[in-house]
Structures are given as C-alpha cells and as structure tokens.
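To start, the structure under review is shown below, and the notes come after it.
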Amino acid sequence: MGSGASGLREEASGSSSSAMVGLGDLPESCVAMVLMHLEPQDICKLAKLNRAFRGASSADFVWESKLPSNYQRLVEKVFDKLPEDLCKKDIYALLCRCNSFDGGTKKVWLDKSSGGICLAISTKGLTITGIDDRRYWNHIPADESRFSTVAYLQQIWWFEINGEVEFPFPSGTYSIFFRLQLGKAFKRFGRRLCSSEHIHGWDIKPVKFQLSTLDGQHVMSQCFVNEPGKWINYHVGDFVVENSTKPTKLKFSMTQIDCTHTKGGLCVDSVGIYPSVCKERLKLF
C-alpha cells in the first residue's frame, strides 16, 4: 500500500515537472529553423514571445533566406560603404528602406510583400527633349512624388522621353511603368485640386512605349493618356532577368512625335521597375 502511494506521488511529480516545459525551453536552433519559413513580419512578431524566439529571430541564416540571392552586389551598387560586421537582419532592414543613389536620381528598396527589388528613376535621371527650355518644361515641387519634384510639360510639338539603366536585378520577371498625371495638382484650404489649364493633345494620338534589353528582349506598346487629376502607372512592358551575377542593361522610352498637333498639361513623376507580381497592385494607384 505504501509503495503504491509512493509510486503515485512520483508519477504526479513527473507530470508536474513536464507541465513546466514551455516554448522558452525550445533550443534556439530549432526555433530558427521554423522561423526561416515564415514571413519577415511574422518573425518580428514572434521575436517578442520570449528569449529563445528573440535570439532565434536574429540568426543570420533566417534573414539570409529573405534576402535576394545577389544581395551583396545590390549592397555594393547602392551603398558607398557599410560596416563589415553588419548582420543579415540589419542588411535586410537597410534594403527595405527607400535608398537613394546615383546622385539622388534613383531610389531602390526591397518590397516586403513580394521579396523583390523595386527601382524608381526620377525625371532628372531621364533624357527629356526640351527639358532645359522653360517655354516647354519646368521642374516643380510635388509632395506626391518620391523625389519631391516632377517635370511639368506646358506645351510641345515633339514629345520624347528616353531612359536607360544598368542594375544588378535578382533573377525574375519585372515590369516597367511611367508614373504620369494630366494636370497640375495644388492645394487650396487643405483640399487637393488639379488645374487643367494646359491639358490638350493627348486624345488625338496615343503615346508609344518601348523597352529593350541588351540580351535581345524588345517590347512595344501604346495607349492614350487620360483621367486628369489622377496619378496613373502606365505599363511599358515586362522583361526577364535570368542571370543575376551580372548587371542587367535596358533602355526604355515614351514618345508622341506626331508634329501635326501640340500636347501639354502633363506631369511626369518617375519611371518605376517592379517585380511583375506587383503589376495588378500598381494599376490601382
């Protein structure tokens, strides 16, 4: 009877001690293996659970799995100099910021939702026919632009914008857009308004977009510019990057060179290059 009672006490004691085991007792290496399969936002949330999850969430191999395969080339291209002892989590955080380079004419960032690289090129990084003649074009301040300034066209016969870029894009499919708005936006008593004073000529002939890469890809499209007062991403075309070990070189353009009529009243913000999985989302803005 006594031995039976003693056994029951030992069994109860064992059950009690096993009940004390929790998530904090998991080895950090095991937690880290789980975390590397989660999204970055979820990793950061779980890091607040306890010490084991906090330590595991800083493991280099967890964050290296979230970085582009050629992240070292990206870092070399965008940043002049970074501390050598930066952990992968810090590199990921840096790339997620909107980083300016090339004299402030370009911005690059890592899109958290897709994990892809995005690149924006300001109008000052493009070749625009007549940009230095204030009878045609002006650079005006704009708080709706990533670059705080846009190119505004008053009137011109020959409309042509060209650009080229050489950048170490990770492997994948990318889409190029021109971000445009008919009319000049301004604020009055806190309300956003848009002046249609110079808008004309865009409903007569469509604008033509072209894209070409050094490896032989070529895309051509055309459409009418419309919807005054609204910023629209006009899709130029898509290109594919297969080799991320070397920079991708591409050229793109937007033209309307029918000199039978003038056109004007157009704001040009920038050219954006995004992972193609973002295409539908961009069409909403």
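Within each chain, counting starts at residue 1; across the structure tokens, chains are named A, B, ... in the order shown, with ligands numbered 1 upward in that order.
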
Would you write out, as a tab-separated table, a table of all residues in segment 100-188 of chain A that have an atom no more than 8 Å from an atom of segment 69-76 of chain A, listing for each the closest atom pair and the distance in Å to one decimal, considering only C-alpha atoms and ordering rows by chain and rising residue number?
residue	atom	partner	partner_atom	distance
A:Pro168	CA	A:Leu74	CA	6.3
A:Phe169	CA	A:Leu74	CA	7.9
A:Pro170	CA	A:Asn70	CA	6.1

In segment 18-235 of chain A, what's strand (DSSP E or B) per DSSP? Answer as a ChimeraX atom specification?
-> /A:99-101,106-110,117-122,127-128,137-141,149-153,156,159-167,172-182,184-188,191-195,200,207-213,218-223,232-235

Residues within 7 Å of segment 110-112 of chain A, please, as a CSV table (one decimal) with all heavy atoms, in the first residue's frame. Count only C-alpha atoms; anything in the same chain fewer than 6 positions from it doesn't count.
chain,number,residue,atom,x,y,z
A,95,LEU,N,17.9,47.4,-46.8
A,95,LEU,CA,17.4,47.3,-48.2
A,95,LEU,C,15.9,47.6,-48.2
A,95,LEU,O,15.4,48.0,-49.3
A,95,LEU,CB,17.6,45.9,-48.7
A,95,LEU,CG,19.1,45.6,-49.1
A,95,LEU,CD1,19.2,44.1,-49.5
A,95,LEU,CD2,19.6,46.5,-50.2
A,96,CYS,N,15.2,47.4,-47.1
A,96,CYS,CA,13.7,47.7,-47.1
A,96,CYS,C,13.5,49.2,-47.1
A,96,CYS,O,12.3,49.6,-47.3
A,96,CYS,CB,13.1,47.0,-45.9
A,96,CYS,SG,12.8,45.2,-46.1
A,118,CYS,N,12.7,46.8,-56.1
A,118,CYS,CA,12.0,47.8,-56.8
A,118,CYS,C,13.0,49.0,-57.1
A,118,CYS,O,13.8,49.3,-56.2
A,118,CYS,CB,10.8,48.3,-56.1
A,118,CYS,SG,9.6,47.0,-55.6

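Among the candidate residues A:Gln256, A:Ser57, A:Thr173, A:Thr129, the one lying nearest to Val240 of chain A is A:Thr173, with distances computed using only C-alpha atoms.
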
State, in Å with one decimal place, the distance from atom CA of Glu28 of chain A to atom CA of Asp90 of chain A.
->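 Distance reported for this atom pair: 19.3 Å.
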
Using only C-alpha atoms, determine which residues lie at most 6 Å from segment 262-265 of chain A, disregarding the query and same-chain residues fewer than 5 positions distant; provide the list as a VMD selection string.
-> chain A and resid 153 to 157 182 to 183 198 to 201
